[in-house]
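Asks: Next comes the structure file model_37.txt, holding compact mmCIF, C-alpha atoms.
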# COMPACT_ATOMS: atom_id res chain seq x y z
CA MET A 1 21.39 57.34 -91.40
CA PHE A 2 20.35 53.83 -90.46
CA ASP A 3 17.39 55.16 -88.45
CA LYS A 4 16.14 57.61 -91.07
CA ASN A 5 13.02 56.82 -93.10
CA GLU A 6 13.04 56.19 -96.83
CA THR A 7 11.73 59.64 -97.69
CA ALA A 8 14.50 61.42 -95.79
CA LEU A 9 17.20 59.18 -97.26
CA THR A 10 15.88 59.64 -100.78
CA GLU A 11 16.04 63.42 -100.39
CA MET A 12 19.69 63.02 -99.35
CA GLY A 13 20.44 60.76 -102.31
CA ALA A 14 21.45 58.03 -99.88
CA SER A 15 18.59 55.53 -99.69
CA ILE A 16 20.19 52.79 -101.78
CA THR A 17 23.67 52.91 -100.24
CA THR A 18 22.36 53.12 -96.68
CA ARG A 19 20.09 50.13 -97.22
CA GLU A 20 22.81 48.09 -98.89
CA ILE A 21 25.27 48.66 -96.06
CA LYS A 22 22.67 47.88 -93.42
CA GLN A 23 21.43 44.61 -94.94
CA GLN A 24 24.83 42.88 -95.05
CA PRO A 25 24.49 40.77 -91.86
CA GLU A 26 21.39 39.11 -93.34
CA LEU A 27 23.16 38.63 -96.66
CA TRP A 28 26.06 36.89 -94.90
CA GLN A 29 23.63 34.40 -93.38
CA GLU A 30 22.17 33.78 -96.83
CA ALA A 31 25.63 33.38 -98.36
CA LEU A 32 26.47 30.78 -95.72
CA ALA A 33 23.23 28.89 -96.46
CA ASN A 34 24.03 28.98 -100.19
CA PHE A 35 27.50 27.58 -99.51
CA LYS A 36 26.10 24.73 -97.43
CA ASN A 37 23.64 23.89 -100.21
CA GLN A 38 26.46 23.71 -102.77
CA GLU A 39 29.16 22.29 -100.52
CA ALA A 40 29.06 18.80 -102.06
CA GLU A 41 29.09 20.25 -105.58
CA ILE A 42 32.06 22.46 -104.71
CA LYS A 43 33.99 19.51 -103.31
CA THR A 44 33.30 17.41 -106.39
CA PHE A 45 34.43 20.22 -108.66
CA LEU A 46 37.70 20.80 -106.78
CA ASP A 47 38.46 17.09 -106.35
CA GLN A 48 38.40 16.53 -110.11
CA ILE A 49 41.28 18.94 -110.66
CA LYS A 50 44.48 16.92 -110.88
CA PRO A 51 47.62 18.85 -111.81
CA LYS A 52 49.67 17.29 -114.60
CA THR A 53 52.95 18.19 -112.87
CA ALA A 54 54.28 18.26 -109.33
CA ASP A 55 53.41 21.95 -109.09
CA LYS A 56 50.68 23.15 -106.78
CA ILE A 57 47.43 24.29 -108.35
CA ARG A 58 47.48 28.05 -108.80
CA VAL A 59 44.34 29.71 -107.47
CA ILE A 60 44.21 33.21 -108.93
CA PHE A 61 41.62 35.49 -107.36
CA THR A 62 40.87 38.24 -109.85
CA GLY A 63 38.60 41.20 -110.42
CA ALA A 64 38.77 44.94 -111.03
CA GLY A 65 38.61 47.67 -108.41
CA THR A 66 36.71 46.48 -105.35
CA SER A 67 36.46 43.00 -106.86
CA ALA A 68 40.26 42.88 -106.96
CA TYR A 69 40.41 43.89 -103.31
CA VAL A 70 38.42 40.77 -102.42
CA GLY A 71 41.48 38.71 -103.29
CA ASP A 72 43.82 41.12 -101.51
CA THR A 73 41.75 40.67 -98.36
CA ILE A 74 41.33 36.90 -98.30
CA VAL A 75 44.68 35.62 -99.62
CA PRO A 76 46.68 36.31 -96.42
CA TYR A 77 44.09 34.38 -94.39
CA LEU A 78 43.90 31.49 -96.86
CA ASN A 79 47.69 31.22 -96.83
CA GLN A 80 47.33 29.98 -93.25
CA SER A 81 43.92 28.28 -93.35
CA GLY A 82 43.61 27.00 -96.91
CA ASP A 83 45.16 23.76 -98.18
CA ALA A 84 48.70 25.03 -98.72
CA SER A 85 49.91 21.56 -99.72
CA ARG A 86 47.60 21.62 -102.77
CA TYR A 87 47.01 25.27 -103.66
CA GLN A 88 49.06 28.40 -104.21
CA PHE A 89 46.76 31.36 -103.55
CA GLU A 90 47.36 34.62 -105.40
CA SER A 91 45.47 37.88 -105.92
CA ILE A 92 46.01 39.47 -109.35
CA PRO A 93 43.69 42.20 -110.70
CA THR A 94 42.07 41.65 -114.09
CA THR A 95 43.47 45.02 -115.09
CA ASP A 96 47.00 43.65 -114.63
CA ILE A 97 46.31 40.36 -116.39
CA VAL A 98 44.71 42.00 -119.42
CA SER A 99 47.47 44.57 -119.88
CA ALA A 100 50.41 42.19 -119.33
CA PRO A 101 49.25 38.54 -119.35
CA TYR A 102 52.77 37.20 -119.94
CA ASP A 103 53.78 38.62 -116.55
CA PHE A 104 51.11 36.75 -114.62
CA LEU A 105 49.86 33.62 -116.43
CA LYS A 106 51.90 30.41 -116.55
CA PRO A 107 50.93 28.17 -119.49
CA GLU A 108 52.17 24.91 -117.95
CA VAL A 109 50.69 25.30 -114.44
CA THR A 110 47.19 23.99 -113.69
CA THR A 111 45.21 27.06 -112.67
CA ILE A 112 41.84 27.85 -111.13
CA LEU A 113 40.84 31.37 -112.15
CA VAL A 114 38.39 32.68 -109.54
CA SER A 115 36.56 35.66 -111.03
CA PHE A 116 34.88 38.10 -108.66
CA ALA A 117 32.29 40.34 -110.31
CA ARG A 118 29.26 42.32 -109.23
CA SER A 119 27.80 42.71 -112.72
CA GLY A 120 29.96 40.23 -114.60
CA ASN A 121 30.08 42.68 -117.50
CA SER A 122 33.28 44.63 -116.85
CA PRO A 123 35.35 44.52 -120.05
CA GLU A 124 38.52 43.54 -118.21
CA SER A 125 36.80 40.64 -116.42
CA VAL A 126 35.49 39.17 -119.65
CA ALA A 127 38.82 39.70 -121.41
CA THR A 128 40.79 38.08 -118.57
CA VAL A 129 38.83 34.85 -118.99
CA GLU A 130 39.36 34.87 -122.75
CA ILE A 131 43.10 35.49 -122.43
CA ALA A 132 43.52 32.87 -119.69
CA LYS A 133 41.88 30.29 -121.96
CA GLN A 134 44.39 31.19 -124.67
CA VAL A 135 47.44 31.00 -122.43
CA VAL A 136 46.85 28.40 -119.69
CA GLN A 137 46.87 24.84 -120.98
CA ASP A 138 44.94 23.34 -118.04
CA LEU A 139 42.50 26.01 -116.90
CA TYR A 140 39.53 25.70 -114.57
CA GLU A 141 37.31 28.54 -113.45
CA MET A 142 35.17 29.52 -110.51
CA THR A 143 32.83 32.43 -111.15
CA ILE A 144 31.62 34.23 -108.01
CA THR A 145 29.19 36.88 -109.13
CA CYS A 146 26.04 38.76 -108.18
CA ALA A 147 24.30 39.02 -111.56
CA PRO A 148 22.75 35.87 -113.07
CA ASP A 149 22.32 37.64 -116.41
CA GLY A 150 25.90 38.97 -116.56
CA LYS A 151 28.31 37.79 -119.24
CA LEU A 152 30.47 35.84 -116.79
CA ALA A 153 27.52 34.00 -115.25
CA ILE A 154 26.04 33.09 -118.63
CA ALA A 155 29.38 31.77 -119.86
CA ALA A 156 29.87 29.72 -116.68
CA LYS A 157 26.54 27.94 -117.09
CA GLU A 158 27.71 26.50 -120.39
CA ASP A 159 31.14 25.32 -119.21
CA ASP A 160 31.71 22.15 -117.18
CA ARG A 161 35.18 23.41 -116.22
CA ASN A 162 33.64 26.51 -114.63
CA LEU A 163 31.78 26.39 -111.31
CA LEU A 164 29.23 29.19 -110.88
CA LEU A 165 28.56 30.44 -107.36
CA MET A 166 25.81 33.04 -107.24
CA MET A 167 25.63 35.57 -104.46
CA PRO A 168 22.38 36.48 -102.65
CA ALA A 169 20.15 38.46 -104.98
CA LEU A 170 20.33 41.61 -102.85
CA ALA A 171 24.14 41.49 -102.93
CA ASN A 172 23.90 42.80 -106.50
CA ASP A 173 24.31 46.38 -105.24
CA GLN A 174 22.34 48.98 -107.16
CA GLY A 175 24.25 51.84 -105.57
CA PHE A 176 27.41 53.22 -107.13
CA ALA A 177 29.75 51.72 -104.54
CA MET A 178 30.13 48.00 -103.97
CA THR A 179 29.23 47.05 -100.41
CA GLY A 180 27.31 43.79 -99.95
CA SER A 181 28.78 42.43 -103.17
CA TYR A 182 32.31 42.85 -101.79
CA SER A 183 31.56 41.27 -98.41
CA CYS A 184 29.47 38.39 -99.79
CA MET A 185 32.04 37.48 -102.43
CA SER A 186 34.80 37.61 -99.81
CA LEU A 187 32.85 35.42 -97.44
CA THR A 188 31.91 32.88 -100.10
CA ALA A 189 35.48 32.46 -101.33
CA MET A 190 36.73 31.97 -97.78
CA LEU A 191 34.05 29.38 -97.08
CA VAL A 192 35.09 27.50 -100.23
CA PHE A 193 38.84 27.38 -99.59
CA ASP A 194 39.08 27.59 -95.79
CA THR A 195 39.79 24.06 -94.51
CA THR A 196 38.25 24.86 -91.12
CA ASP A 197 35.29 22.64 -90.22
CA THR A 198 32.01 23.93 -91.66
CA ALA A 199 30.34 24.11 -88.25
CA LYS A 200 33.17 26.28 -86.96
CA LYS A 201 32.99 28.51 -90.03
CA ALA A 202 29.26 28.91 -89.39
CA GLY A 203 30.19 30.08 -85.90
CA PHE A 204 32.49 32.70 -87.41
CA VAL A 205 29.60 33.94 -89.53
CA ASP A 206 27.35 34.16 -86.48
CA LYS A 207 29.95 36.38 -84.86
CA ILE A 208 30.35 38.78 -87.77
CA VAL A 209 26.56 39.01 -88.12
CA ALA A 210 26.36 40.20 -84.50
CA MET A 211 29.25 42.60 -85.07
CA GLY A 212 27.62 43.99 -88.20
CA HIS A 213 24.43 44.72 -86.31
CA GLU A 214 26.57 46.42 -83.67
CA VAL A 215 27.97 48.85 -86.25
CA ILE A 216 24.42 49.83 -87.17
CA ALA A 217 23.39 50.26 -83.54
CA ARG A 218 26.47 52.37 -82.74
CA GLU A 219 26.30 54.74 -85.72
CA ALA A 220 26.23 57.74 -83.37
CA GLU A 221 29.75 56.91 -82.18
CA ILE A 222 31.03 56.88 -85.75
CA GLN A 223 29.15 60.10 -86.51
CA ALA A 224 30.94 61.79 -83.58
CA VAL A 225 34.26 61.07 -85.28
CA ILE A 226 33.02 62.31 -88.65
CA ASP A 227 31.85 65.54 -86.98
CA LEU A 228 35.51 66.44 -86.32
CA ASP A 229 37.39 68.91 -88.50
CA PHE A 230 39.29 66.80 -91.05
CA ASP A 231 39.98 66.51 -94.76
CA ARG A 232 42.15 63.38 -94.86
CA ILE A 233 41.58 59.74 -93.90
CA VAL A 234 44.19 57.00 -93.42
CA TYR A 235 43.45 53.28 -93.05
CA LEU A 236 46.08 50.88 -91.73
CA GLY A 237 46.13 47.18 -90.92
CA SER A 238 48.12 43.97 -91.13
CA GLY A 239 47.61 40.67 -92.95
CA SER A 240 44.10 40.39 -94.35
CA LEU A 241 43.30 43.70 -92.71
CA SER A 242 46.06 45.33 -94.76
CA GLY A 243 44.26 44.08 -97.85
CA LEU A 244 41.04 45.51 -96.45
CA THR A 245 42.56 48.99 -96.17
CA ARG A 246 42.50 49.24 -99.98
CA GLU A 247 38.74 48.74 -100.07
CA ALA A 248 38.16 51.00 -97.05
CA GLN A 249 39.99 53.94 -98.61
CA LEU A 250 38.35 53.39 -102.00
CA LYS A 251 34.90 53.73 -100.44
CA VAL A 252 35.86 57.16 -99.07
CA LEU A 253 37.29 58.21 -102.42
CA GLU A 254 34.21 57.01 -104.35
CA LEU A 255 31.47 58.29 -102.07
CA THR A 256 33.04 61.73 -101.55
CA ALA A 257 34.09 62.02 -105.23
CA GLY A 258 37.61 62.79 -104.09
CA LYS A 259 36.63 65.68 -101.82
CA LEU A 260 38.46 63.88 -99.02
CA THR A 261 42.02 62.72 -99.58
CA THR A 262 42.72 59.13 -98.60
CA MET A 263 45.62 56.77 -98.06
CA PHE A 264 46.06 53.13 -97.10
CA ASP A 265 49.06 51.07 -96.01
CA SER A 266 50.16 48.25 -93.75
CA SER A 267 50.76 49.06 -90.11
CA MET A 268 54.47 48.33 -90.49
CA GLY A 269 54.88 49.97 -93.89
CA PHE A 270 53.34 53.30 -92.91
CA ARG A 271 56.48 54.62 -91.22
CA HIS A 272 58.51 54.32 -94.41
CA GLY A 273 57.46 57.62 -95.94
CA PRO A 274 53.64 57.51 -96.09
CA LYS A 275 53.40 58.75 -92.51
CA SER A 276 54.33 62.17 -93.92
CA PHE A 277 50.71 62.35 -95.13
CA VAL A 278 49.36 62.84 -91.58
CA ASN A 279 48.55 66.34 -90.36
CA ASP A 280 46.19 67.88 -87.84
CA LYS A 281 43.22 67.37 -90.18
CA THR A 282 43.74 63.64 -90.60
CA LEU A 283 41.67 60.77 -89.23
CA VAL A 284 43.75 57.62 -88.76
CA PHE A 285 41.86 54.32 -88.47
CA VAL A 286 43.81 51.15 -87.68
CA PHE A 287 42.13 47.75 -88.06
CA VAL A 288 43.59 45.75 -85.16
CA ASN A 289 44.32 42.09 -85.87
CA ASN A 290 43.27 39.39 -83.42
CA GLN A 291 46.46 37.36 -83.98
CA PRO A 292 48.49 38.20 -80.83
CA TYR A 293 51.88 38.51 -82.57
CA THR A 294 50.56 40.66 -85.42
CA ARG A 295 48.42 42.70 -83.04
CA GLN A 296 51.56 44.11 -81.42
CA TYR A 297 52.51 45.90 -84.63
CA ASP A 298 49.03 47.38 -85.08
CA VAL A 299 49.07 48.70 -81.52
CA ASP A 300 52.63 50.00 -81.96
CA ILE A 301 51.68 52.27 -84.87
CA LEU A 302 48.58 53.45 -83.03
CA GLU A 303 50.63 54.42 -80.00
CA GLU A 304 53.27 56.09 -82.16
CA ILE A 305 50.85 58.30 -84.10
CA HIS A 306 48.87 59.05 -80.95
CA GLY A 307 52.06 59.98 -79.10
CA ASP A 308 53.22 62.21 -81.93
CA GLN A 309 49.99 64.22 -81.58
CA ILE A 310 49.95 64.87 -85.32
CA ALA A 311 46.46 63.63 -86.23
CA ALA A 312 42.98 64.99 -85.54
CA LYS A 313 41.98 61.52 -84.34
CA THR A 314 43.69 58.14 -84.06
CA LEU A 315 41.18 55.33 -83.60
CA ALA A 316 41.64 51.58 -83.16
CA VAL A 317 38.93 49.39 -84.70
CA GLY A 318 38.71 45.81 -83.51
CA VAL A 319 38.06 43.35 -80.71
CA PRO A 320 39.49 43.89 -77.21
CA GLY A 321 42.43 41.59 -76.45
CA GLU A 322 45.23 41.17 -73.95
CA LEU A 323 47.06 44.07 -75.61
CA ASN A 324 45.03 47.19 -76.44
CA PHE A 325 45.63 50.73 -77.68
CA SER A 326 45.73 53.26 -74.83
CA GLY A 327 43.80 55.86 -76.85
CA ASP A 328 40.35 55.91 -78.42
CA ARG A 329 38.92 52.61 -79.64
CA PHE A 330 35.86 51.28 -81.42
CA ASP A 331 35.73 47.92 -79.65
CA PHE A 332 33.27 45.34 -80.95
CA GLU A 333 31.40 44.30 -77.82
CA ASN A 334 29.99 41.29 -79.68
CA GLY A 335 33.36 40.32 -81.13
CA CYS A 336 35.57 37.39 -80.27
CA ARG A 337 39.34 37.62 -79.83
CA HIS A 338 39.72 34.27 -81.62
CA LEU A 339 37.87 35.37 -84.76
CA PRO A 340 40.26 34.88 -87.72
CA GLU A 341 41.39 37.93 -89.65
CA GLY A 342 39.59 37.04 -92.88
CA TYR A 343 36.22 37.03 -91.16
CA LEU A 344 37.07 39.97 -88.90
CA ALA A 345 37.65 41.99 -92.08
CA LEU A 346 33.96 41.77 -92.97
CA ALA A 347 32.82 43.32 -89.70
CA ASP A 348 35.53 45.95 -90.07
CA VAL A 349 34.41 46.83 -93.59
CA MET A 350 30.93 47.69 -92.34
CA PHE A 351 32.56 50.21 -90.02
CA ALA A 352 34.55 51.62 -92.96
CA GLN A 353 31.50 51.73 -95.24
CA THR A 354 29.64 53.69 -92.58
CA VAL A 355 32.53 56.14 -92.29
CA SER A 356 32.36 56.65 -96.06
CA LEU A 357 28.58 57.09 -96.09
CA LEU A 358 28.66 59.70 -93.32
CA SER A 359 31.65 61.44 -94.89
CA SER A 360 29.83 61.66 -98.22
CA ILE A 361 26.92 63.43 -96.55
CA LYS A 362 29.31 65.71 -94.64
CA VAL A 363 30.96 67.00 -97.83
CA GLY A 364 27.57 67.58 -99.48
CA ASN A 365 27.66 64.64 -101.84
CA THR A 366 24.95 62.11 -102.75
CA PRO A 367 26.20 58.58 -101.91
CA ASP A 368 23.94 56.80 -104.40
CA THR A 369 25.23 58.89 -107.32
CA PRO A 370 28.52 60.31 -106.05
CA SER A 371 30.21 61.21 -109.36
CA PRO A 372 28.82 64.64 -110.33
CA SER A 373 30.68 64.64 -113.64
CA GLY A 374 29.40 61.21 -114.63
CA THR A 375 32.90 60.24 -115.78
CA VAL A 376 33.12 57.39 -113.25
CA ASN A 377 30.45 54.74 -113.63
CA ARG A 378 28.98 51.79 -111.74
CA VAL A 379 30.20 49.48 -114.52
CA VAL A 380 33.35 50.85 -116.11
CA LYS A 381 33.07 52.31 -119.59
CA GLY A 382 35.48 53.50 -122.25
CA VAL A 383 37.89 50.56 -122.06
CA THR A 384 39.72 49.75 -125.29
CA LEU A 385 40.66 46.08 -125.44
CA HIS A 386 43.49 45.15 -127.77
CA GLU A 387 43.74 41.74 -129.40
CA TYR A 388 46.11 39.41 -127.60
CA LYS A 389 48.18 37.19 -129.89
Would it be possible to restate this file's structure as structure tokens?
Replies:
Amino acid sequence: MFDKNETALTEMGASITTREIKQQPELWQEALANFKNQEAEIKTFLDQIKPKTADKIRVIFTGAGTSAYVGDTIVPYLNQSGDASRYQFESIPTTDIVSAPYDFLKPEVTTILVSFARSGNSPESVATVEIAKQVVQDLYEMTITCAPDGKLAIAAKEDDRNLLLMMPALANDQGFAMTGSYSCMSLTAMLVFDTTDTAKKAGFVDKIVAMGHEVIAREAEIQAVIDLDFDRIVYLGSGSLSGLTREAQLKVLELTAGKLTTMFDSSMGFRHGPKSFVNDKTLVFVFVNNQPYTRQYDVDILEEIHGDQIAAKTLAVGVPGELNFSGDRFDFENGCRHLPEGYLALADVMFAQTVSLLSSIKVGNTPDTPSPSGTVNRVVKGVTLHEYK
């Protein structure tokens, strides 16, 4: 797909999605440059926030669908590399906040609501901000979005308690599925809250850029897996890579319009019932963590499923380390065994996006417009919002 010309891709209904997956390494470099340009402004904004009590500042990462999975992916990493003495990091979907705000918002706790949004026009995203302003007495916002003309971006420009961080222009995906928007928003939020030195973070970005290009160059290896006889896909991982499994499986579901059945779970959690899903037409992909202790559990589940001989293919995706899966592996040759899980997730998601793209073509779908019924849309429609009192 990545080597096909525009005419061929257009005929397949895949030109937009293919391009938007492929361009991500360049977008990550641009996102890093944008962060560096705003680094002083970001620090000033965060330094002004002084909680009125002894509580930590709540940082709620929120969004709907893929935008919610951004928070799921980065929170485990930030729990170890963010400023845990000052912040409590949480990932709560807008869909949960809007439907039951009293379960998730604490009026007396100083809160930074970090909104992730491709368009900034999703009804739940707009409503979450409005409800949070009603409920939280000391609320600050950070809006990380791809659309300068979206409702969230416009509102942020007029609010000195709301810091607007725009993503690279091309991260505003025009395809149905979020790809570059997800990875750029994830990267930007990590750069903001990761206390690692900026020069070292830039080195992490250099690594994932090289790994992203490697996915493109090694498409044939991924295609060989997709050529197998299967109708189910499972994604497993631990820590941030467990959060990533949600986004990985959603891409398959979206781009194949449900023609392939999918499941996600943590490497440890999979044994507790969900493993029953695996049969001889199942592809099992495990994102292997670089953290040596956690890595053992990822390799354990790989070896168990492989030894059971119940799946069509069991494949490890990650960077070679001291402990490795004995079966088939997609090893990033340009990876680094010390790359933290939050950043590793972005290289891994390019692999998963490519799996979804190739699977969509395999089942006869059109990746750019994958919903034949038109009942699922790029920006969600048909949401009834009830007044919150």
Asks: So how many Å separate atom CA of A:Asp265 and atom CA of A:Asn365, to one decimal?
Replies: 26.0 Å
Asks: List the residues sitting within 7 Å of (48.6, 38.4, -109.0) in the file's frame, using all atoms listed in the file, as a PyMOL selection string.
Replies: chain A and resi 60+90-93+104
Asks: Excluding stretch 65-67 of chain A and any residue of its chain fewer than 4 positions from it, enumerate the residues within 7 Å of it, using all atoms listed in the file, and give them as an MDAnalysis selection string.
Replies: chainID A and resid 116:117 178 182 247
Asks: Any idea what's packed within 9 Å of A:Ala132, counting only C-alpha atoms, ignoring anything in its chain fewer than 5 positions away? Could you give it as a PyMOL selection string?
Replies: chain A and resi 97+101+105+107+113+127+137+139
Asks: Could you take the residues named above and write them with C-alpha atoms, as a compact mmCIF listing (two decimals), keeping the file's coordinate frame?
Replies:
# COMPACT_ATOMS: atom_id res chain seq x y z
CA ILE A 97 46.31 40.36 -116.39
CA PRO A 101 49.25 38.54 -119.35
CA LEU A 105 49.86 33.62 -116.43
CA PRO A 107 50.93 28.17 -119.49
CA LEU A 113 40.84 31.37 -112.15
CA ALA A 127 38.82 39.70 -121.41
CA GLN A 137 46.87 24.84 -120.98
CA LEU A 139 42.50 26.01 -116.90
Asks: Counting only C-alpha atoms, which residues of stretch 45-99 of chain A sit at most 12 Å from some atom of stretch 157-176 of chain A, and what is each one's closest atom pair with its distance in Å to one decimal, listed by chain and rising residue number, as CSV?
Replies:
residue,atom,partner,partner_atom,distance
A:Phe45,CA,A:Leu163,CA,7.2
A:Leu46,CA,A:Leu163,CA,9.3
A:Gln48,CA,A:Arg161,CA,9.7
A:Ile49,CA,A:Arg161,CA,9.4
A:Thr66,CA,A:Phe176,CA,11.6
